[in-house]
file coords.txt (compact mmCIF, C-alpha atoms)
# COMPACT_ATOMS: atom_id res chain seq x y z
CA MET A 1396 0.00 0.00 0.00
CA PHE A 1397 2.83 2.37 0.84
CA ASN A 1398 4.45 1.84 -2.57
CA LEU A 1399 1.12 2.55 -4.30
CA LYS A 1400 0.66 5.82 -2.41
CA LYS A 1401 4.26 6.81 -3.06
CA LEU A 1402 3.77 6.14 -6.77
CA GLN A 1403 0.61 8.26 -6.76
CA SER A 1404 2.51 11.14 -5.16
CA ILE A 1405 5.31 10.88 -7.73
CA LEU A 1406 2.80 10.82 -10.59
CA LEU A 1407 1.03 13.84 -9.15
CA ILE A 1408 4.20 15.92 -8.93
CA SER A 1409 5.28 14.78 -12.40
CA ALA A 1410 1.93 15.76 -13.87
CA LEU A 1411 2.12 19.20 -12.32
CA ILE A 1412 5.60 19.81 -13.70
CA THR A 1413 4.67 18.52 -17.18
CA THR A 1414 1.47 20.53 -17.50
CA SER A 1415 2.57 23.75 -15.85
CA SER A 1416 3.71 25.37 -19.09
CA SER A 1417 0.66 24.54 -21.24
CA VAL A 1418 -2.31 23.75 -18.95
CA PRO A 1419 -3.66 25.90 -16.12
CA LEU A 1420 -2.48 24.52 -12.77
CA GLN A 1421 -6.04 24.40 -11.43
CA ALA A 1422 -7.03 22.01 -14.21
CA ALA A 1423 -4.06 19.78 -13.52
CA ILE A 1424 -5.00 19.56 -9.86
CA ARG A 1425 -8.59 18.61 -10.67
CA GLN A 1426 -7.35 15.72 -12.78
CA GLN A 1427 -5.16 14.36 -9.97
CA PRO A 1428 -7.26 13.30 -6.95
CA HIS A 1429 -5.53 12.56 -3.66
CA PRO A 1430 -7.38 9.47 -2.40
CA VAL A 1431 -6.47 7.18 0.47
CA LEU A 1432 -6.49 3.42 -0.05
CA THR A 1433 -7.88 1.64 3.01
CA GLU A 1434 -6.09 -1.36 4.49
CA SER A 1435 -9.23 -3.50 4.75
CA ASN A 1436 -10.18 -3.25 1.09
CA GLU A 1437 -9.30 -1.37 -2.06
CA THR A 1438 -11.86 1.40 -1.57
CA TYR A 1439 -10.80 5.01 -1.83
CA LEU A 1440 -11.88 7.27 1.01
CA ALA A 1441 -11.33 10.92 1.85
CA LEU A 1442 -8.62 11.46 4.44
CA SER A 1443 -9.90 12.62 7.83
CA TRP A 1444 -8.54 13.27 11.32
CA GLY A 1445 -10.23 10.00 12.29
CA ASP A 1446 -8.06 8.14 9.76
CA ILE A 1447 -4.93 9.82 11.12
CA TRP A 1448 -5.91 9.01 14.70
CA LYS A 1449 -6.23 5.33 13.73
CA LYS A 1450 -2.71 5.40 12.28
CA LEU A 1451 -1.21 7.00 15.38
CA ARG A 1452 -3.14 5.07 18.02
CA ARG A 1453 -2.12 1.58 16.96
CA LYS A 1454 -0.31 -0.26 19.74
CA ARG A 1455 3.44 0.07 19.51
CA LYS A 1456 6.08 -2.56 20.22
CA GLY A 1457 8.81 -1.02 22.34
CA GLY A 1458 6.93 2.27 22.06
CA GLY A 1459 7.35 5.68 23.64
CA GLY A 1460 10.03 6.42 26.22
CA ARG A 1461 8.98 5.38 29.71
CA GLY A 1462 10.54 6.62 32.93
CA GLY A 1463 8.41 5.35 35.77
CA ALA A 1464 5.15 7.27 35.56
CA ILE A 1465 6.34 9.59 32.75
CA CYS A 1466 5.59 8.52 29.19
CA ALA A 1467 7.60 10.53 26.65
CA ILE A 1468 5.57 10.55 23.42
CA ALA A 1469 7.47 12.85 21.05
CA PRO A 1470 10.23 12.90 20.07
CA ALA A 1471 10.29 9.21 21.06
CA LYS A 1472 10.13 5.91 19.21
CA LEU A 1473 6.58 4.99 18.24
CA VAL A 1474 7.20 1.88 16.16
CA ASP A 1475 4.50 -0.25 14.57
CA ALA A 1476 4.60 -3.82 15.82
CA ASP A 1477 4.81 -4.95 12.18
CA SER A 1478 7.12 -2.18 11.02
CA LEU A 1479 9.81 -3.05 8.50
CA HIS A 1480 11.46 0.37 8.69
CA SER A 1481 12.89 0.36 12.20
CA LYS A 1482 15.94 -1.51 13.44
CA GLN A 1483 16.91 -2.36 16.99
CA GLY A 1484 19.29 0.23 18.44
CA GLU A 1485 18.65 2.91 15.82
CA ILE A 1486 18.54 6.50 17.06
CA LEU A 1487 15.20 8.17 16.47
CA GLU A 1488 15.36 10.65 13.56
CA ILE A 1489 13.16 13.70 13.17
CA TRP A 1490 12.77 16.28 10.42
CA SER A 1491 11.85 19.40 12.40
CA ASP A 1492 14.60 21.62 13.81
CA ARG A 1493 12.09 23.07 16.29
CA PRO A 1494 10.39 19.95 17.62
CA LEU A 1495 7.30 19.51 19.70
CA PHE A 1496 7.93 17.78 23.03
CA LEU A 1497 4.92 15.75 24.11
CA TRP A 1498 4.40 13.54 27.15
CA ASN A 1499 1.88 11.97 29.48
CA ILE A 1500 2.14 11.46 33.24
CA PRO A 1501 -1.01 9.94 34.74
CA GLY A 1502 -1.59 11.18 38.26
CA GLY A 1503 1.49 13.40 38.28
CA THR A 1504 3.00 16.68 37.15
CA VAL A 1505 6.15 17.43 35.15
CA THR A 1506 8.04 20.43 36.53
CA ARG A 1507 10.90 21.00 34.04
CA ILE A 1508 12.05 20.12 30.54
CA GLU A 1509 15.71 20.29 29.44
CA LEU A 1510 17.47 19.82 26.11
CA SER A 1511 21.16 19.07 25.68
CA ARG A 1512 23.50 17.87 22.95
CA GLN A 1513 24.50 14.24 23.18
CA GLY A 1514 27.54 13.96 25.43
CA ASP A 1515 27.09 17.36 27.08
CA LYS A 1516 26.44 17.52 30.81
CA GLU A 1517 24.76 20.92 30.73
CA ALA A 1518 21.46 21.69 29.02
CA PHE A 1519 21.46 24.57 26.52
CA TRP A 1520 17.67 24.98 26.69
CA ASN A 1521 15.23 24.44 29.54
CA ARG A 1522 11.79 25.56 30.61
CA PRO A 1523 9.74 25.28 33.81
CA ILE A 1524 6.53 23.31 33.29
CA LYS A 1525 3.35 24.17 35.17
CA GLY A 1526 0.79 21.49 34.47
CA GLU A 1527 1.35 21.32 30.69
CA THR A 1528 1.88 18.07 28.82
CA ARG A 1529 3.65 19.58 25.82
CA ALA A 1530 6.21 22.23 24.91
CA VAL A 1531 7.56 23.54 21.59
CA TYR A 1532 11.28 24.16 21.33
CA ASP A 1533 11.73 27.90 20.70
CA GLY A 1534 15.53 28.29 20.71
CA GLU A 1535 17.98 28.48 17.83
CA PRO A 1536 17.25 25.89 15.10
CA LEU A 1537 18.65 22.47 15.94
CA GLN A 1538 21.47 21.28 13.70
CA PRO A 1539 20.95 18.59 11.03
CA GLY A 1540 22.91 15.43 11.84
CA GLN A 1541 23.28 16.38 15.52
CA SER A 1542 21.99 14.10 18.30
CA TYR A 1543 20.18 15.56 21.31
CA VAL A 1544 18.77 14.38 24.63
CA TRP A 1545 15.60 15.81 26.13
CA LYS A 1546 14.82 15.23 29.79
CA LEU A 1547 11.69 15.60 31.86
CA SER A 1548 11.67 16.05 35.64
CA ALA A 1549 8.61 15.48 37.82
CA SER A 1550 7.96 15.96 41.53
CA GLU A 1551 4.63 14.15 41.72
CA PRO A 1552 3.57 11.50 42.49
CA TYR A 1553 7.26 11.21 43.49
CA PRO A 1554 10.56 12.71 42.23
CA ILE A 1555 11.43 11.10 38.90
CA GLU A 1556 13.24 11.85 35.63
CA THR A 1557 13.17 10.39 32.15
CA SER A 1558 15.27 11.19 29.09
CA VAL A 1559 15.08 10.35 25.37
CA MET A 1560 17.71 10.68 22.63
CA PHE A 1561 16.89 11.79 19.09
CA GLN A 1562 18.72 13.08 16.04
CA VAL A 1563 17.81 15.75 13.50
CA MET A 1564 18.18 13.94 10.17
CA GLU A 1565 21.15 14.57 7.89
CA PRO A 1566 20.98 17.65 5.60
CA GLU A 1567 20.47 15.73 2.33
CA THR A 1568 17.48 13.76 3.61
CA ARG A 1569 16.03 16.73 5.44
CA ASP A 1570 16.31 18.98 2.37
CA ARG A 1571 14.55 16.38 0.20
CA ILE A 1572 11.66 16.17 2.64
CA SER A 1573 11.50 19.97 2.84
CA ALA A 1574 11.16 20.16 -0.94
CA GLU A 1575 8.38 17.56 -0.93
CA LEU A 1576 6.53 19.47 1.79
CA ILE A 1577 6.72 22.63 -0.33
CA SER A 1578 5.17 20.72 -3.24
CA ILE A 1579 2.39 19.49 -0.97
CA ALA A 1580 1.72 23.05 0.22
CA LEU A 1581 1.54 24.40 -3.36
CA VAL A 1582 -0.97 21.74 -4.38
CA GLN A 1583 -3.02 22.14 -1.21
CA GLN A 1584 -3.16 25.92 -1.68
CA LEU A 1585 -5.34 25.36 -4.74
CA LYS A 1586 -7.44 22.55 -3.25
CA ASP A 1587 -8.10 23.98 0.21
CA PRO A 1588 -5.83 26.74 1.58
CA SER A 1589 -6.99 26.40 5.20
CA PRO A 1590 -4.24 25.73 7.77
CA GLU A 1591 -6.05 22.63 9.02
CA ALA A 1592 -6.31 21.07 5.55
CA LEU A 1593 -2.61 21.64 4.93
CA ALA A 1594 -1.73 20.22 8.33
CA MET A 1595 -3.77 17.12 7.54
CA GLU A 1596 -1.78 16.54 4.35
CA LYS A 1597 1.52 16.99 6.18
CA VAL A 1598 0.48 14.71 9.04
CA HIS A 1599 -0.45 12.03 6.52
CA TYR A 1600 2.88 12.52 4.72
CA PHE A 1601 4.90 12.10 7.93
CA ALA A 1602 2.78 9.20 9.20
CA GLU A 1603 3.24 7.24 5.98
CA ARG A 1604 7.01 7.54 6.52
CA GLU A 1605 6.73 6.65 10.22
CA LEU A 1606 8.02 10.08 11.21
CA TRP A 1607 5.58 10.09 14.10
CA SER A 1608 7.15 12.96 16.05
CA ASP A 1609 6.90 15.28 13.05
CA ALA A 1610 3.35 14.09 12.37
CA LEU A 1611 2.33 14.96 15.92
CA ARG A 1612 4.01 18.35 15.69
CA GLU A 1613 1.92 19.24 12.64
CA LEU A 1614 -1.25 17.95 14.27
CA TYR A 1615 -0.75 20.12 17.37
CA SER A 1616 0.27 23.22 15.39
CA VAL A 1617 -3.13 24.05 13.85
CA PRO A 1618 -4.56 27.38 15.04
CA ASN A 1619 -8.29 27.33 15.90
CA PRO A 1620 -8.67 23.56 15.35
CA SER A 1621 -12.01 22.08 14.37
CA ALA A 1622 -14.07 19.97 16.79
CA GLU A 1623 -12.90 16.80 15.03
CA LEU A 1624 -9.25 17.78 15.39
CA ARG A 1625 -9.72 18.76 19.04
CA ASN A 1626 -11.23 15.34 19.64
CA ALA A 1627 -8.31 13.62 17.89
CA ILE A 1628 -5.83 15.57 20.04
CA ALA A 1629 -7.72 14.65 23.21
CA LEU A 1630 -7.65 10.97 22.25
CA LEU A 1631 -3.93 11.12 21.46
CA GLN A 1632 -3.12 12.89 24.70
CA ALA A 1633 -4.98 10.28 26.72
CA HIS A 1634 -3.58 7.27 24.84
CA ASP A 1635 -0.86 5.20 26.55
CA PHE A 1636 1.83 5.12 23.86
CA CYS A 1637 4.23 3.44 26.26
CA ALA A 1638 2.17 0.27 26.58
CA GLU A 1639 3.32 -2.71 24.55
CA ASP A 1640 0.87 -4.94 22.76
CA GLU A 1641 3.12 -7.98 23.25
CA PRO A 1642 6.39 -8.76 25.06
CA ASN A 1643 9.43 -7.26 23.37
CA VAL A 1644 11.46 -10.45 22.99
CA SER A 1645 14.61 -8.73 21.72
CA ALA A 1646 14.62 -6.34 24.65
CA SER A 1647 14.35 -9.12 27.22
CA GLN A 1648 17.21 -11.25 25.91
call {"tool": "encode", "arguments": {"input": "coords.txt", "output": "structure tokens"}}
result
Amino acid sequence: MFNLKKLQSILLISALITTSSSVPLQAAIRQQPHPVLTESNETYLALSWGDIWKKLRRKRKGGGGRGGAICAIAPAKLVDADSLHSKQGEILEIWSDRPLFLWNIPGGTVTRIELSRQGDKEAFWNRPIKGETRAVYDGEPLQPGQSYVWKLSASEPYPIETSVMFQVMEPETRDRISAELISIALVQQLKDPSPEALAMEKVHYFAERELWSDALRELYSVPNPSAELRNAIALLQAHDFCAEDEPNVSASQ
């Protein structure tokens, strides 16, 4: 299914480039629908926040980072149990150089978030947390190819810390994705220029590539979200991404 969708995206971009000099762009867009092929059958359906929620909510094997009662959701590994794209021991890669930090702590409260470069003892960015379950990095852009560690500290229900390592992807890969996102934005501008519609396309793009942290960042970034999106966010925030659907055999050996 992934290869089919990827082929459709390539054909769409190729058609736009080919027809741009002789056919109005609006006409080219109308001739290139952007359907979603369901997993249960070969029926095309319109993409919705409900579809995206189903992609993100699936149980993960060796999922989000757990530190006692703190569940680090993003950036953290959210790997499909049947994924073929993740290898044991790989460092999590993200596209964004200003990531969203997302977590869950049932019955407790996180008090501080810190970000440091891998190997450094001192954090170069930190923020006090007062009841929130997310924070957006607002410092200088993170560097492609560099690895970082983000740490959460909580005082309730008891003092505890958890940390997760991630890496901003290498410049070549990141630039390619940036170019593809620009193409998506140009097409979406003619279909539906609303911020929420564009975010939906980007979330789908990242989810199909298992870039879950970037998908979540786009989902949470929509200003004035619709009721459906607010519901999807509430479901995601309440979901236990750190639970495993089956024992992680490789981790226990």
call {"tool": "residues_around", "arguments": {"input": "coords.txt", "residues": "range 1605-1621 of chain A", "least_positions_apart": "3", "cutoff": "9 Å", "atoms": "all atoms listed in the file", "output": "ChimeraX atom specification"}}
result
/A:1451,1468-1475,1478,1480,1488-1491,1494-1497,1531,1590-1591,1594-1595,1597-1602,1624-1626,1628
call {"tool": "atom_distance", "arguments": {"input": "coords.txt", "atom1": "CA of Val1563 in chain A", "atom2": "CA of Pro1536 in chain A"}}
result
10.3 Å
call {"tool": "atom_distance", "arguments": {"input": "coords.txt", "atom1": "CA of Ser1511 in chain A", "atom2": "CA of Ile1486 in chain A"}}
result
15.5 Å
call {"tool": "atom_distance", "arguments": {"input": "coords.txt", "atom1": "CA of Asp1587 in chain A", "atom2": "CA of Arg1493 in chain A"}}
result
25.8 Å
call {"tool": "closest_residue", "arguments": {"input": "coords.txt", "among": "A:Lys1586, A:Arg1571, A:Arg1512, A:Lys1525", "to": "Ala1549 in chain A", "atoms": "all atoms listed in the file"}}
result
A:Lys1525
call {"tool": "closest_residue", "arguments": {"input": "coords.txt", "among": "A:Thr1528, A:Asn1521, A:Ser1558, A:Gln1538", "to": "Gln1632 in chain A", "atoms": "only C-alpha atoms"}}
result
A:Thr1528
call {"tool": "closest_residue", "arguments": {"input": "coords.txt", "among": "A:Gln1513, A:Ser1443, A:Gln1583, A:Thr1504", "to": "Glu1556 in chain A", "atoms": "all atoms listed in the file"}}
result
A:Thr1504
call {"tool": "closest_residue", "arguments": {"input": "coords.txt", "among": "A:Ala1467, A:Thr1568, A:Ile1500, A:Ile1579", "to": "Val1544 in chain A", "atoms": "all atoms listed in the file"}}
result
A:Ala1467
call {"tool": "closest_residue", "arguments": {"input": "coords.txt", "among": "A:Leu1630, A:Met1560, A:Val1582, A:Ala1530", "to": "Ser1542 in chain A", "atoms": "all atoms listed in the file"}}
result
A:Met1560
